[in-house]
Amino acid sequence: MTDIFTIHTQTKKSSIPRINIIGTGKVASTLAVIWHQSKQVSIQAAWNRSFTAAQHLKNYIPHIQLHKQLHTLPPADILAIGVSDQAIETISKQINQADWITADTLILHFSGALSSKVLVTNKQKALTGSLHPVFAFAKIETAINTLAGHLCAIEGDSAALPILQQLAQIAKLNSFNIDACQKNRYHAALTISANFLVTLNAYARNILTSLSLPQNLAEDLVNQLMQQNLDQLKIMSPAEALTGPIKRGDSNTIAHHWQALKPSEQIIYKALAEQTLNLSTLSKDKYQQILQILSLKGG
């Protein structure tokens with residue numbers, strides 16, 4: 001099996017693989033620091049559209065070479081692209097113009113939504129792949145200390161998979177393979193579970209604060225209930241963990257909710273209630289009764 005270390009034994013380029021970071025956003029910077037701290041790879045150089053923004057890496061990796069021009073990056077064994085999704089294809093075209101890229105060079109990106117197929121290899125010889133940590137990268141400093149143990153999706157050329165697995169392992173991530181053609185649907189599910197959870201939290205808080213409740217009390221009420229249900233979901237299926245008026249078929253309570261909500265709030269409530277009905281085991285009559293309430297106008 002080809003792996004990141006075997007490649008170096010064969011090519012005799014260096015004792016450990018050399019990585020160039022292209023785009024120093026939160027994900028790329030976090031992984032660069034963690035990989036550097038492992039001492040199993042060498043983070044040798046980095047380029048970022050804003051040179052000033054890339055300088056924070058010097059605080060963690062003092063020897064790193066920061067380049068103002070993409071074409072001046074030195075030869076490397078792995079090129080890790082950490083730019084925005086919209087720029088990945090363009091950047092991959094530019095870096096593939098380097099004459100030192102070989103069949104053993106791995107070009108990867110960190111996007112959850114895009115597959116490795118977006119990476120353009122003009123010479124049709126470099127390996128391509130993607131490595132997507134399932135983690136909310138809010139702050140680099142926090143991520144460096146808490147990323148270990150989280151899941152990580154990988155996909156790409158068959159020869160690239162062992163390398164991607166080892167890169168994930170070095171970062172203490174638990175990797176799993178995903179089909180390239182399923183990345184968009186995969187990422188949609190993650191966005192719903194992560195970003196929309198935050199949106200749902202804000203939606204519930206806003207309803208409570210409109211009652212003149214103190215903000216900290218509104219936060220506690222929503223956060224505690226959310227956390228309790230997240231804990232339940234670790235040991236139960238969604239259908240088993242479900243509680244509340246829809247679970248009970250309590251149409252009177254649903255009707256009171258509906259009347260108390262503003263029209264703009266009803267839009268979200270209706271969408272969520274309809275999905276929640278699908279988790280219930282209500283009779284057809286109770287199911288239709290609740291749907292009828294959710295179709296009423298006004299609030």
# chains A, B, ... in the order shown; residues from 1 in each chain; ligands from 1

$ residues_around --residues "range 39-45 of chain A" --least-positions-apart "6" --cutoff "9 Å" --atoms "only C-alpha atoms" --output "list in words"
Ser15, Ile16, Pro17, Arg18, Ile19, Asn20, Ile21, Ile22, Ala32, Val33, Ile61, His63, Ile64, Gln65, Leu66, His67, Leu73, Pro74, Ala76, Leu167 and Ile170 of chain A

$ residues_around --residues "range 78-86 of chain A" --least-positions-apart "6" --cutoff "9 Å" --atoms "only C-alpha atoms" --output "ChimeraX atom specification"
/A:17-29,48-49,92,95,104-111,113-114

$ write_last_selection --atoms "N, CA, C and O atoms" --output "compact mmCIF listing (two decimals), in the first residue's frame"
# COMPACT_ATOMS: atom_id res chain seq x y z
N PRO A 17 7.43 14.06 4.88
CA PRO A 17 6.73 14.76 3.79
C PRO A 17 6.69 16.27 4.00
O PRO A 17 6.54 16.76 5.12
N ARG A 18 6.81 16.99 2.90
CA ARG A 18 6.77 18.46 2.93
C ARG A 18 5.40 18.94 2.45
O ARG A 18 4.92 18.49 1.41
N ILE A 19 4.82 19.85 3.20
CA ILE A 19 3.48 20.37 2.88
C ILE A 19 3.53 21.87 2.66
O ILE A 19 4.11 22.61 3.46
N ASN A 20 2.91 22.31 1.57
CA ASN A 20 2.67 23.73 1.34
C ASN A 20 1.20 24.02 1.62
O ASN A 20 0.32 23.30 1.15
N ILE A 21 0.94 25.08 2.37
CA ILE A 21 -0.42 25.50 2.68
C ILE A 21 -0.80 26.64 1.74
O ILE A 21 -0.13 27.67 1.69
N ILE A 22 -1.89 26.46 1.00
CA ILE A 22 -2.32 27.45 0.03
C ILE A 22 -3.67 28.01 0.47
O ILE A 22 -4.71 27.39 0.28
N GLY A 23 -3.63 29.15 1.12
CA GLY A 23 -4.82 29.73 1.74
C GLY A 23 -4.81 29.41 3.21
O GLY A 23 -4.92 28.26 3.60
N THR A 24 -4.64 30.44 4.04
CA THR A 24 -4.44 30.22 5.47
C THR A 24 -5.68 30.55 6.30
O THR A 24 -5.61 31.26 7.31
N GLY A 25 -6.83 30.02 5.87
CA GLY A 25 -8.05 30.19 6.66
C GLY A 25 -8.02 29.35 7.92
O GLY A 25 -7.00 28.73 8.25
N LYS A 26 -9.13 29.31 8.62
CA LYS A 26 -9.17 28.64 9.93
C LYS A 26 -8.88 27.15 9.84
O LYS A 26 -8.13 26.60 10.67
N VAL A 27 -9.48 26.47 8.86
CA VAL A 27 -9.29 25.02 8.75
C VAL A 27 -7.84 24.71 8.39
O VAL A 27 -7.18 23.89 9.05
N ALA A 28 -7.35 25.34 7.33
CA ALA A 28 -5.98 25.08 6.88
C ALA A 28 -4.96 25.45 7.95
O ALA A 28 -3.99 24.70 8.18
N SER A 29 -5.15 26.58 8.61
CA SER A 29 -4.19 27.01 9.64
C SER A 29 -4.20 26.06 10.83
O SER A 29 -3.15 25.71 11.37
N ASN A 48 -1.04 33.07 0.92
CA ASN A 48 -2.41 33.53 1.16
C ASN A 48 -2.62 34.79 0.34
O ASN A 48 -1.68 35.56 0.11
N ARG A 49 -3.86 34.99 -0.11
CA ARG A 49 -4.15 36.17 -0.93
C ARG A 49 -3.75 37.44 -0.18
O ARG A 49 -3.23 38.38 -0.77
N SER A 92 -6.29 25.60 -8.14
CA SER A 92 -5.71 24.32 -8.55
C SER A 92 -5.12 24.41 -9.96
O SER A 92 -4.09 23.80 -10.27
N ILE A 95 -1.67 26.25 -9.52
CA ILE A 95 -0.56 25.51 -8.91
C ILE A 95 -0.11 24.35 -9.79
O ILE A 95 1.04 23.91 -9.69
N ASP A 104 3.43 11.52 -7.77
CA ASP A 104 3.33 11.26 -6.34
C ASP A 104 2.92 12.49 -5.54
O ASP A 104 2.73 12.41 -4.33
N THR A 105 2.80 13.64 -6.20
CA THR A 105 2.37 14.85 -5.51
C THR A 105 0.88 14.73 -5.21
O THR A 105 0.09 14.35 -6.06
N LEU A 106 0.50 15.07 -3.98
CA LEU A 106 -0.92 15.06 -3.60
C LEU A 106 -1.43 16.49 -3.49
O LEU A 106 -0.87 17.30 -2.77
N ILE A 107 -2.49 16.77 -4.22
CA ILE A 107 -3.17 18.06 -4.11
C ILE A 107 -4.52 17.79 -3.44
O ILE A 107 -5.30 16.97 -3.91
N LEU A 108 -4.77 18.46 -2.33
CA LEU A 108 -6.01 18.23 -1.58
C LEU A 108 -6.66 19.55 -1.20
O LEU A 108 -6.00 20.59 -1.17
N HIS A 109 -7.94 19.48 -0.91
CA HIS A 109 -8.65 20.64 -0.37
C HIS A 109 -9.46 20.21 0.85
O HIS A 109 -9.61 19.02 1.12
N PHE A 110 -9.96 21.21 1.59
CA PHE A 110 -10.67 20.94 2.84
C PHE A 110 -12.17 21.18 2.75
O PHE A 110 -12.86 21.19 3.77
N SER A 111 -12.70 21.36 1.56
CA SER A 111 -14.12 21.67 1.41
C SER A 111 -15.00 20.48 1.76
O SER A 111 -14.69 19.34 1.40
N ALA A 113 -18.32 20.63 0.87
CA ALA A 113 -19.34 20.59 -0.17
C ALA A 113 -18.81 20.09 -1.51
O ALA A 113 -19.54 19.47 -2.29
N LEU A 114 -17.53 20.36 -1.79
CA LEU A 114 -16.96 19.99 -3.08
C LEU A 114 -16.15 18.70 -2.99
O LEU A 114 -15.53 18.43 -1.96

$ residues_around --residues "Ala180 in chain A" --least-positions-apart "4" --cutoff "8 Å" --atoms "only C-alpha atoms" --output "ChimeraX atom specification"
/A:115-117,155-156

$ write_last_selection --atoms "N, CA and C atoms" --output "PDB file, in the first residue's frame"
ATOM      1  N   SER A 115     -16.143  17.952  -4.066  1.00  0.00           N
ATOM      2  CA  SER A 115     -15.339  16.731  -4.102  1.00  0.00           C
ATOM      3  C   SER A 115     -13.976  17.037  -4.700  1.00  0.00           C
ATOM      4  N   SER A 116     -13.122  16.035  -4.723  1.00  0.00           N
ATOM      5  CA  SER A 116     -11.785  16.202  -5.285  1.00  0.00           C
ATOM      6  C   SER A 116     -11.834  16.407  -6.795  1.00  0.00           C
ATOM      7  N   LYS A 117     -12.978  16.117  -7.404  1.00  0.00           N
ATOM      8  CA  LYS A 117     -13.103  16.255  -8.864  1.00  0.00           C
ATOM      9  C   LYS A 117     -12.992  17.712  -9.311  1.00  0.00           C
ATOM     10  N   GLU A 155     -12.030  11.587   0.611  1.00  0.00           N
ATOM     11  CA  GLU A 155     -12.311  10.959  -0.686  1.00  0.00           C
ATOM     12  C   GLU A 155     -11.274  11.447  -1.667  1.00  0.00           C
ATOM     13  N   GLY A 156     -11.112  10.676  -2.767  1.00  0.00           N
ATOM     14  CA  GLY A 156     -10.143  11.056  -3.785  1.00  0.00           C
ATOM     15  C   GLY A 156      -9.664   9.866  -4.571  1.00  0.00           C
TER      16      GLY A 156
END

$ select_by_dssp --residues "range 110-167 of chain A" --states "strand (DSSP E or B)" --output "ChimeraX atom specification"
/A:127-133,151-156

$ write_last_selection --atoms "all heavy atoms" --output "PDB file, in the first residue's frame"
ATOM      1  N   LEU A 127      -1.886  13.326  -7.760  1.00  0.00           N
ATOM      2  CA  LEU A 127      -2.984  12.725  -7.003  1.00  0.00           C
ATOM      3  C   LEU A 127      -3.886  13.838  -6.486  1.00  0.00           C
ATOM      4  O   LEU A 127      -3.413  14.930  -6.160  1.00  0.00           O
ATOM      5  CB  LEU A 127      -2.450  11.913  -5.829  1.00  0.00           C
ATOM      6  CG  LEU A 127      -1.538  10.731  -6.149  1.00  0.00           C
ATOM      7  CD1 LEU A 127      -0.988  10.130  -4.851  1.00  0.00           C
ATOM      8  CD2 LEU A 127      -2.302   9.678  -6.930  1.00  0.00           C
ATOM      9  N   THR A 128      -5.185  13.569  -6.372  1.00  0.00           N
ATOM     10  CA  THR A 128      -6.108  14.558  -5.828  1.00  0.00           C
ATOM     11  C   THR A 128      -6.979  13.923  -4.759  1.00  0.00           C
ATOM     12  O   THR A 128      -7.271  12.724  -4.802  1.00  0.00           O
ATOM     13  CB  THR A 128      -7.021  15.154  -6.925  1.00  0.00           C
ATOM     14  OG1 THR A 128      -7.769  14.104  -7.541  1.00  0.00           O
ATOM     15  CG2 THR A 128      -6.210  15.898  -7.968  1.00  0.00           C
ATOM     16  N   GLY A 129      -7.395  14.737  -3.806  1.00  0.00           N
ATOM     17  CA  GLY A 129      -8.253  14.248  -2.736  1.00  0.00           C
ATOM     18  C   GLY A 129      -8.835  15.396  -1.935  1.00  0.00           C
ATOM     19  O   GLY A 129      -8.475  16.563  -2.124  1.00  0.00           O
ATOM     20  N   SER A 130      -9.752  15.064  -1.046  1.00  0.00           N
ATOM     21  CA  SER A 130     -10.305  16.065  -0.123  1.00  0.00           C
ATOM     22  C   SER A 130     -10.333  15.487   1.284  1.00  0.00           C
ATOM     23  O   SER A 130     -10.506  14.282   1.470  1.00  0.00           O
ATOM     24  CB  SER A 130     -11.710  16.497  -0.548  1.00  0.00           C
ATOM     25  OG  SER A 130     -12.659  15.475  -0.320  1.00  0.00           O
ATOM     26  N   LEU A 131     -10.143  16.370   2.234  1.00  0.00           N
ATOM     27  CA  LEU A 131     -10.117  15.998   3.646  1.00  0.00           C
ATOM     28  C   LEU A 131     -10.968  17.025   4.385  1.00  0.00           C
ATOM     29  O   LEU A 131     -10.622  18.209   4.424  1.00  0.00           O
ATOM     30  CB  LEU A 131      -8.669  15.989   4.146  1.00  0.00           C
ATOM     31  CG  LEU A 131      -8.366  15.501   5.561  1.00  0.00           C
ATOM     32  CD1 LEU A 131      -6.922  14.964   5.624  1.00  0.00           C
ATOM     33  CD2 LEU A 131      -8.528  16.611   6.592  1.00  0.00           C
ATOM     34  N   HIS A 132     -12.107  16.579   4.925  1.00  0.00           N
ATOM     35  CA  HIS A 132     -13.047  17.514   5.543  1.00  0.00           C
ATOM     36  C   HIS A 132     -13.298  17.166   7.004  1.00  0.00           C
ATOM     37  O   HIS A 132     -14.069  16.254   7.309  1.00  0.00           O
ATOM     38  CB  HIS A 132     -14.383  17.511   4.791  1.00  0.00           C
ATOM     39  CG  HIS A 132     -15.410  18.397   5.410  1.00  0.00           C
ATOM     40  ND1 HIS A 132     -16.596  17.930   5.945  1.00  0.00           N
ATOM     41  CD2 HIS A 132     -15.422  19.743   5.604  1.00  0.00           C
ATOM     42  CE1 HIS A 132     -17.283  18.942   6.430  1.00  0.00           C
ATOM     43  NE2 HIS A 132     -16.603  20.053   6.242  1.00  0.00           N
ATOM     44  N   PRO A 133     -12.656  17.881   7.945  1.00  0.00           N
ATOM     45  CA  PRO A 133     -12.935  17.654   9.366  1.00  0.00           C
ATOM     46  C   PRO A 133     -14.350  18.112   9.710  1.00  0.00           C
ATOM     47  O   PRO A 133     -14.750  19.218   9.349  1.00  0.00           O
ATOM     48  CB  PRO A 133     -11.890  18.532  10.077  1.00  0.00           C
ATOM     49  CG  PRO A 133     -10.863  18.848   9.040  1.00  0.00           C
ATOM     50  CD  PRO A 133     -11.600  18.879   7.742  1.00  0.00           C
ATOM     51  N   LEU A 151     -14.695  13.523  13.774  1.00  0.00           N
ATOM     52  CA  LEU A 151     -14.780  12.775  12.528  1.00  0.00           C
ATOM     53  C   LEU A 151     -14.212  13.586  11.364  1.00  0.00           C
ATOM     54  O   LEU A 151     -14.140  14.816  11.431  1.00  0.00           O
ATOM     55  CB  LEU A 151     -16.229  12.399  12.240  1.00  0.00           C
ATOM     56  CG  LEU A 151     -16.859  11.398  13.218  1.00  0.00           C
ATOM     57  CD1 LEU A 151     -18.368  11.359  13.047  1.00  0.00           C
ATOM     58  CD2 LEU A 151     -16.263  10.006  13.010  1.00  0.00           C
ATOM     59  N   CYS A 152     -13.827  12.875  10.306  1.00  0.00           N
ATOM     60  CA  CYS A 152     -13.226  13.532   9.159  1.00  0.00           C
ATOM     61  C   CYS A 152     -13.544  12.736   7.901  1.00  0.00           C
ATOM     62  O   CYS A 152     -13.217  11.545   7.813  1.00  0.00           O
ATOM     63  CB  CYS A 152     -11.710  13.626   9.362  1.00  0.00           C
ATOM     64  SG  CYS A 152     -10.822  14.344   7.971  1.00  0.00           S
ATOM     65  N   ALA A 153     -14.189  13.369   6.932  1.00  0.00           N
ATOM     66  CA  ALA A 153     -14.537  12.714   5.671  1.00  0.00           C
ATOM     67  C   ALA A 153     -13.388  12.843   4.686  1.00  0.00           C
ATOM     68  O   ALA A 153     -12.809  13.925   4.540  1.00  0.00           O
ATOM     69  CB  ALA A 153     -15.797  13.335   5.082  1.00  0.00           C
ATOM     70  N   ILE A 154     -13.043  11.741   4.029  1.00  0.00           N
ATOM     71  CA  ILE A 154     -12.004  11.784   3.012  1.00  0.00           C
ATOM     72  C   ILE A 154     -12.505  11.115   1.729  1.00  0.00           C
ATOM     73  O   ILE A 154     -13.328  10.199   1.778  1.00  0.00           O
ATOM     74  CB  ILE A 154     -10.693  11.105   3.467  1.00  0.00           C
ATOM     75  CG1 ILE A 154     -10.930   9.632   3.802  1.00  0.00           C
ATOM     76  CG2 ILE A 154     -10.090  11.826   4.655  1.00  0.00           C
ATOM     77  CD1 ILE A 154      -9.657   8.855   4.098  1.00  0.00           C
ATOM     78  N   GLU A 155     -12.030  11.587   0.611  1.00  0.00           N
ATOM     79  CA  GLU A 155     -12.311  10.959  -0.686  1.00  0.00           C
ATOM     80  C   GLU A 155     -11.274  11.447  -1.667  1.00  0.00           C
ATOM     81  O   GLU A 155     -10.610  12.454  -1.460  1.00  0.00           O
ATOM     82  CB  GLU A 155     -13.742  11.257  -1.158  1.00  0.00           C
ATOM     83  CG  GLU A 155     -14.093  12.708  -1.323  1.00  0.00           C
ATOM     84  CD  GLU A 155     -13.664  13.305  -2.649  1.00  0.00           C
ATOM     85  OE1 GLU A 155     -13.447  12.561  -3.621  1.00  0.00           O
ATOM     86  OE2 GLU A 155     -13.532  14.534  -2.712  1.00  0.00           O
ATOM     87  N   GLY A 156     -11.112  10.676  -2.767  1.00  0.00           N
ATOM     88  CA  GLY A 156     -10.143  11.056  -3.785  1.00  0.00           C
ATOM     89  C   GLY A 156      -9.664   9.866  -4.571  1.00  0.00           C
ATOM     90  O   GLY A 156     -10.273   8.790  -4.549  1.00  0.00           O
TER      91      GLY A 156
END

$ select_by_dssp --residues "range 11-260 of chain A" --states "helix (DSSP H, G or I)" --output "count of residues only"
123

$ closest_residue --among "A:Leu173, A:Ala202, A:Leu164, A:Leu147" --to "Val222 in chain A" --atoms "only C-alpha atoms"
A:Ala202

$ atom_distance --atom1 "CA of Gln97 in chain A" --atom2 "CA of Trp47 in chain A"
15.6 Å

$ residues_around --residues "Lys286 in chain A" --least-positions-apart "4" --cutoff "10 Å" --atoms "only C-alpha atoms" --output "ChimeraX atom specification"
/A:246,248-251,277,281-282,290-292
